[in-house]
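Okay, structure first, notes after.
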Amino acid sequence: MITLYDADRCPYCARVRLVLAEKGIEYETVTIDLQDRPEWLYEKNPLGKVPVIEEDTFVLPESDVINEYLEERYPEPALLPADPAARARVRLAIERFDVNLGDAYYAYRRREDGAADRLTHCLSVLDAAEPGWPFEYGLADVAYVPWLIRLRNLLGVELPERLAARLDDLAERPAIAAELDVVAALAR
Ligand SMILES: N[C@@H](CCC(=O)N[C@@H](CS)C(=O)NCC(=O)O)C(=O)O
């Protein structure tokens, strides 16, 4: 049985929750209080961050690495395309998450000067993306959607039209619906 060291408010943990749920993998959760992290977490991840998964003696941090591992270990349903070039594009989108959205998101959260404009720009670039990601479901969506949900549902940011519609469509997936519930509980 896989154990996920988890925190509801953590979007990186949400990436892993989404893949575990999408693939129907049974797991147990150990919830970490990020304000008061237990010392033993550093034995599992020297950076002291969540998510971490553990299975017997195998311990793995880093959401993108965990999700690639889960994809290989539990190939169905596939969350990477079959075509190598398409897979590479998905991996590129994940690799570029920080520059495409993450850095602007956290700058906005920290209320840095110019952050709102920077975020608007990032969202408009994502919104204008060609068909393919982010408009086919898979690991790239999983890598971005937790932040889009938090922007819209916690921070009250209006998403551009195509991204908003995409998020509405994705809400029909049980894994995404469950994450929307997690975020709704954070807002209470
Ligand atoms: N690169 C890591 C980032 C994980 C991360 O930043 N997690 C945050 C919670 S959202 C955390 O544990 N923060 C504690 C800290 O920074 O010390 C991943 O992809 O898993």
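By convention here, the chains of the structure tokens are called A, B, ... in the order presented, each chain's residues are numbered starting at 1, and ligands are numbered starting at 1 in the order presented.
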Per-residue DSSP, segment 6-181 of chain A, filtered to strand (DSSP E or B), as a PyMOL selection string: chain A and resi 6+27-31+52-55+58-61
Atoms kept (C-alpha atoms) for selection, written as a PDB file, in the first residue's frame:
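So the final result, stored in part_23.pdb, reads:
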```pdb
ATOM      1  CA  ASP A   6       0.102  15.109   2.043  1.00  0.00           C
ATOM      2  CA  TYR A  27      -3.363   4.621  -0.817  1.00  0.00           C
ATOM      3  CA  GLU A  28      -3.336   5.958   2.673  1.00  0.00           C
ATOM      4  CA  THR A  29      -2.708   9.543   3.634  1.00  0.00           C
ATOM      5  CA  VAL A  30      -0.555  11.021   6.371  1.00  0.00           C
ATOM      6  CA  THR A  31      -1.474  14.680   6.661  1.00  0.00           C
ATOM      7  CA  VAL A  52       6.320  12.282  -0.562  1.00  0.00           C
ATOM      8  CA  ILE A  53       5.148   8.774  -1.317  1.00  0.00           C
ATOM      9  CA  GLU A  54       6.331   5.675   0.473  1.00  0.00           C
ATOM     10  CA  GLU A  55       5.855   2.007  -0.221  1.00  0.00           C
ATOM     11  CA  PHE A  58      10.832   2.953  -1.230  1.00  0.00           C
ATOM     12  CA  VAL A  59      10.476   6.674  -0.527  1.00  0.00           C
ATOM     13  CA  LEU A  60      10.036   9.261  -3.271  1.00  0.00           C
ATOM     14  CA  PRO A  61       9.603  13.061  -3.131  1.00  0.00           C
TER      15      PRO A  61
END
```
With a distance cut-off of 12 Å and only C-alpha atoms, select the neighbouring residues of Asn67 of chain A, excluding the residue or stretch itself and same-chain residues fewer than 5 positions from it, and output the selection as a short mmCIF file (atom, residue, chain, number, x, y, z; two decimals) with N, CA and C atoms, in the first residue's frame.
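And here is the file that came out, around_12.cif:
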```
data_model
loop_
_atom_site.label_atom_id
_atom_site.label_comp_id
_atom_site.auth_asym_id
_atom_site.auth_seq_id
_atom_site.Cartn_x
_atom_site.Cartn_y
_atom_site.Cartn_z
N TYR A 12 1.17 20.98 -5.06
CA TYR A 12 2.06 19.90 -5.53
C TYR A 12 1.52 18.55 -5.06
N CYS A 13 1.00 18.51 -3.83
CA CYS A 13 0.35 17.28 -3.36
C CYS A 13 -0.88 16.98 -4.23
N ALA A 14 -1.59 18.04 -4.61
CA ALA A 14 -2.79 17.84 -5.45
C ALA A 14 -2.43 17.14 -6.75
N ARG A 15 -1.27 17.48 -7.32
CA ARG A 15 -0.84 16.78 -8.54
C ARG A 15 -0.84 15.26 -8.31
N VAL A 16 -0.29 14.86 -7.18
CA VAL A 16 -0.17 13.43 -6.90
C VAL A 16 -1.54 12.83 -6.56
N ARG A 17 -2.35 13.58 -5.78
CA ARG A 17 -3.71 13.10 -5.48
C ARG A 17 -4.48 12.85 -6.77
N LEU A 18 -4.31 13.76 -7.74
CA LEU A 18 -5.05 13.63 -9.00
C LEU A 18 -4.67 12.35 -9.74
N VAL A 19 -3.38 12.04 -9.76
CA VAL A 19 -2.94 10.84 -10.49
C VAL A 19 -3.36 9.57 -9.75
N LEU A 20 -3.20 9.57 -8.44
CA LEU A 20 -3.63 8.39 -7.66
C LEU A 20 -5.12 8.14 -7.89
N ALA A 21 -5.90 9.20 -7.88
CA ALA A 21 -7.36 9.04 -8.04
C ALA A 21 -7.69 8.62 -9.47
N GLU A 22 -7.06 9.25 -10.44
CA GLU A 22 -7.36 8.95 -11.84
C GLU A 22 -7.07 7.49 -12.17
N LYS A 23 -6.03 6.97 -11.55
CA LYS A 23 -5.62 5.58 -11.84
C LYS A 23 -6.27 4.59 -10.86
N PRO A 51 4.71 16.83 -1.61
CA PRO A 51 4.37 15.44 -1.34
C PRO A 51 5.59 14.52 -1.27
N VAL A 52 5.39 13.41 -0.54
CA VAL A 52 6.32 12.28 -0.56
C VAL A 52 5.43 11.04 -0.62
N ILE A 53 5.84 10.06 -1.41
CA ILE A 53 5.15 8.77 -1.32
C ILE A 53 6.12 7.74 -0.75
N LEU A 60 9.82 8.40 -2.10
CA LEU A 60 10.04 9.26 -3.27
C LEU A 60 9.38 10.62 -3.08
N PRO A 61 10.18 11.72 -3.14
CA PRO A 61 9.60 13.06 -3.13
C PRO A 61 9.50 13.61 -4.56
N GLU A 62 9.03 14.82 -4.69
CA GLU A 62 8.94 15.60 -5.94
C GLU A 62 7.75 15.14 -6.79
N GLU A 72 4.43 4.92 -14.84
CA GLU A 72 5.13 3.71 -15.30
C GLU A 72 4.65 2.49 -14.54
N ARG A 73 4.43 2.66 -13.26
CA ARG A 73 4.06 1.52 -12.43
C ARG A 73 2.60 1.12 -12.65
N TYR A 74 1.75 2.10 -12.89
CA TYR A 74 0.31 1.84 -13.11
C TYR A 74 -0.07 2.48 -14.45
N PRO A 75 0.23 1.79 -15.56
CA PRO A 75 0.10 2.45 -16.87
C PRO A 75 -1.34 2.78 -17.29
N ALA A 78 -3.69 5.59 -19.25
CA ALA A 78 -2.46 6.31 -19.59
C ALA A 78 -2.66 7.81 -19.43
N LEU A 79 -1.69 8.45 -18.80
CA LEU A 79 -1.75 9.91 -18.66
C LEU A 79 -0.62 10.58 -19.44
N LEU A 80 0.11 9.77 -20.21
CA LEU A 80 1.07 10.32 -21.19
C LEU A 80 0.66 9.78 -22.55
N ARG A 91 6.20 16.60 -21.31
CA ARG A 91 7.28 16.76 -20.32
C ARG A 91 7.83 18.18 -20.34
N ILE A 94 5.55 20.37 -18.41
CA ILE A 94 5.72 20.18 -16.95
C ILE A 94 7.01 20.85 -16.48
N GLY A 138 -4.10 14.84 -19.32
CA GLY A 138 -2.94 14.00 -19.02
C GLY A 138 -2.07 14.67 -17.98
N LEU A 139 -0.81 14.22 -17.90
CA LEU A 139 0.06 14.70 -16.83
C LEU A 139 0.32 16.21 -16.89
N ALA A 140 0.25 16.80 -18.08
CA ALA A 140 0.46 18.25 -18.15
C ALA A 140 -0.70 18.99 -17.49
N VAL A 142 -2.54 17.80 -15.14
CA VAL A 142 -2.38 17.51 -13.73
C VAL A 142 -1.35 18.46 -13.11
N ALA A 143 -0.33 18.80 -13.91
CA ALA A 143 0.74 19.67 -13.40
C ALA A 143 0.28 21.11 -13.20
#
```
Show me, as JSON lines, the residues of chain A having an atom within 6 Å of ligand 1, each with the closest atom pair and its distance in Å, using only C-alpha atoms and all ligand atoms.
```
{"residue": "A:Cys10", "atom": "CA", "partner": "ligand 1", "partner_atom_place_in_ligand_line": "10 (S)", "distance": 3.6}
{"residue": "A:Pro11", "atom": "CA", "partner": "ligand 1", "partner_atom_place_in_ligand_line": "10 (S)", "distance": 5.5}
{"residue": "A:Tyr12", "atom": "CA", "partner": "ligand 1", "partner_atom_place_in_ligand_line": "20 (O)", "distance": 5.1}
{"residue": "A:Gly48", "atom": "CA", "partner": "ligand 1", "partner_atom_place_in_ligand_line": "17 (O)", "distance": 5.7}
{"residue": "A:Lys49", "atom": "CA", "partner": "ligand 1", "partner_atom_place_in_ligand_line": "12 (O)", "distance": 3.1}
{"residue": "A:Val50", "atom": "CA", "partner": "ligand 1", "partner_atom_place_in_ligand_line": "12 (O)", "distance": 4.1}
{"residue": "A:Pro51", "atom": "CA", "partner": "ligand 1", "partner_atom_place_in_ligand_line": "20 (O)", "distance": 5.3}
{"residue": "A:Glu62", "atom": "CA", "partner": "ligand 1", "partner_atom_place_in_ligand_line": "20 (O)", "distance": 3.5}
{"residue": "A:Ser63", "atom": "CA", "partner": "ligand 1", "partner_atom_place_in_ligand_line": "20 (O)", "distance": 3.9}
{"residue": "A:Asp64", "atom": "CA", "partner": "ligand 1", "partner_atom_place_in_ligand_line": "19 (O)", "distance": 5.7}
```
Members of segment 2-109 of chain A assigned helix (DSSP H, G or I) by DSSP, as a ChimeraX atom specification: /A:11-22,41-44,63-73,84-95,97-109
Could you write out that same residue set with C-alpha atoms as a compact mmCIF listing (two decimals), in the first residue's frame?
```txt
# COMPACT_ATOMS: atom_id res chain seq x y z
CA PRO A 11 -0.99 22.14 -5.03
CA TYR A 12 2.06 19.90 -5.53
CA CYS A 13 0.35 17.28 -3.36
CA ALA A 14 -2.79 17.84 -5.45
CA ARG A 15 -0.84 16.78 -8.54
CA VAL A 16 -0.17 13.43 -6.90
CA ARG A 17 -3.71 13.10 -5.48
CA LEU A 18 -5.05 13.63 -9.00
CA VAL A 19 -2.94 10.84 -10.49
CA LEU A 20 -3.63 8.39 -7.66
CA ALA A 21 -7.36 9.04 -8.04
CA GLU A 22 -7.36 8.95 -11.84
CA LEU A 41 9.71 14.29 7.44
CA TYR A 42 13.33 15.32 6.74
CA GLU A 43 14.33 11.66 6.82
CA LYS A 44 11.89 11.01 4.00
CA SER A 63 5.49 15.68 -7.49
CA ASP A 64 6.62 15.45 -11.12
CA VAL A 65 8.95 12.51 -10.41
CA ILE A 66 6.27 10.77 -8.34
CA ASN A 67 3.74 11.16 -11.15
CA GLU A 68 6.13 9.74 -13.76
CA TYR A 69 6.76 6.81 -11.42
CA LEU A 70 3.04 6.21 -10.95
CA GLU A 71 2.51 6.41 -14.71
CA GLU A 72 5.13 3.71 -15.30
CA ARG A 73 4.06 1.52 -12.43
CA PRO A 84 7.30 10.00 -28.22
CA ALA A 85 7.15 13.54 -29.61
CA ALA A 86 3.82 14.18 -27.89
CA ARG A 87 5.24 12.73 -24.65
CA ALA A 88 8.20 15.07 -24.95
CA ARG A 89 5.86 18.05 -25.36
CA VAL A 90 3.99 17.07 -22.21
CA ARG A 91 7.28 16.76 -20.32
CA LEU A 92 8.36 20.15 -21.64
CA ALA A 93 5.12 21.71 -20.40
CA ILE A 94 5.72 20.18 -16.95
CA GLU A 95 9.38 21.25 -16.93
CA PHE A 97 5.61 25.01 -15.19
CA ASP A 98 7.50 27.55 -13.07
CA VAL A 99 8.12 29.96 -15.92
CA ASN A 100 4.70 29.38 -17.49
CA LEU A 101 2.65 29.83 -14.31
CA GLY A 102 4.23 28.87 -10.99
CA ASP A 103 6.55 31.85 -10.54
CA ALA A 104 3.78 34.31 -11.46
CA TYR A 105 1.32 32.53 -9.14
CA TYR A 106 3.61 32.76 -6.12
CA ALA A 107 4.58 36.36 -6.91
CA TYR A 108 0.85 37.15 -7.01
CA ARG A 109 0.32 35.37 -3.69
```
Gap from atom CA of His121 of chain A to atom CA of Leu167 of chain A - Å, one decimal: 18.4 Å
Within 12 Å of segment 158-162 of chain A using only C-alpha atoms, minus same-chain residues under 6 positions, as a ChimeraX atom specification: /A:116,119-131,134-135,145,147-152,168-169
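Compared by their closest atoms to Arg188 of chain A, and using only C-alpha atoms, the residues A:Leu154, A:Leu47, A:Ala7, A:Leu163 rank with A:Leu154 nearest.
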Ala185 of chain A surroundings by only C-alpha atoms, 12 Å radius, close-in-sequence under 2 positions cut, as an MDAnalysis selection string: chainID A and resid 8:9 150 153:154 178:183 187:188
Take the residues that were just selected and, keeping N, CA, C and O atoms, output them as a tab-separated table (two decimals), in the first residue's frame.
```tsv
chain	number	residue	atom	x	y	z
A	8	ASP	N	-3.56	19.27	2.38
A	8	ASP	CA	-4.68	19.66	1.51
A	8	ASP	C	-4.37	20.91	0.70
A	8	ASP	O	-4.73	21.02	-0.46
A	9	ARG	N	-3.73	21.89	1.37
A	9	ARG	CA	-3.58	23.16	0.67
A	9	ARG	C	-2.45	23.15	-0.35
A	9	ARG	O	-2.28	24.11	-1.10
A	150	ARG	N	-6.95	26.82	-7.62
A	150	ARG	CA	-6.73	27.71	-6.48
A	150	ARG	C	-6.84	29.18	-6.88
A	150	ARG	O	-7.36	30.00	-6.12
A	153	ASN	N	-10.77	29.56	-7.44
A	153	ASN	CA	-11.69	29.27	-6.34
A	153	ASN	C	-11.24	29.80	-4.98
A	153	ASN	O	-12.06	29.93	-4.09
A	154	LEU	N	-9.95	30.09	-4.83
A	154	LEU	CA	-9.49	30.63	-3.55
A	154	LEU	C	-9.10	32.10	-3.66
A	154	LEU	O	-9.33	32.87	-2.75
A	178	ALA	N	-13.07	15.76	-6.89
A	178	ALA	CA	-12.62	15.56	-5.50
A	178	ALA	C	-11.66	16.67	-5.09
A	178	ALA	O	-11.71	17.18	-3.96
A	179	GLU	N	-10.78	17.09	-6.00
A	179	GLU	CA	-9.85	18.18	-5.68
A	179	GLU	C	-10.61	19.50	-5.51
A	179	GLU	O	-10.26	20.31	-4.66
A	180	LEU	N	-11.66	19.70	-6.30
A	180	LEU	CA	-12.48	20.91	-6.13
A	180	LEU	C	-13.10	20.92	-4.73
A	180	LEU	O	-13.19	21.97	-4.09
A	181	ASP	N	-13.49	19.74	-4.25
A	181	ASP	CA	-14.05	19.65	-2.88
A	181	ASP	C	-12.98	20.00	-1.84
A	181	ASP	O	-13.27	20.68	-0.85
A	182	VAL	N	-11.75	19.49	-2.06
A	182	VAL	CA	-10.66	19.79	-1.12
A	182	VAL	C	-10.46	21.31	-1.05
A	182	VAL	O	-10.35	21.90	0.04
A	183	VAL	N	-10.46	21.95	-2.21
A	183	VAL	CA	-10.22	23.40	-2.25
A	183	VAL	C	-11.41	24.16	-1.65
A	183	VAL	O	-11.23	25.15	-0.95
A	187	ALA	N	-11.51	26.94	1.56
A	187	ALA	CA	-12.08	28.29	1.48
A	187	ALA	C	-13.02	28.57	2.65
A	187	ALA	O	-13.35	29.73	2.92
A	188	ARG	N	-13.46	27.51	3.35
A	188	ARG	CA	-14.43	27.72	4.44
A	188	ARG	C	-13.79	28.31	5.69
A	188	ARG	O	-12.62	28.13	5.92
```
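In this structure, atom CA of Ala171 of chain A sits 24.3 Å away from atom CA of Arg96 of chain A.
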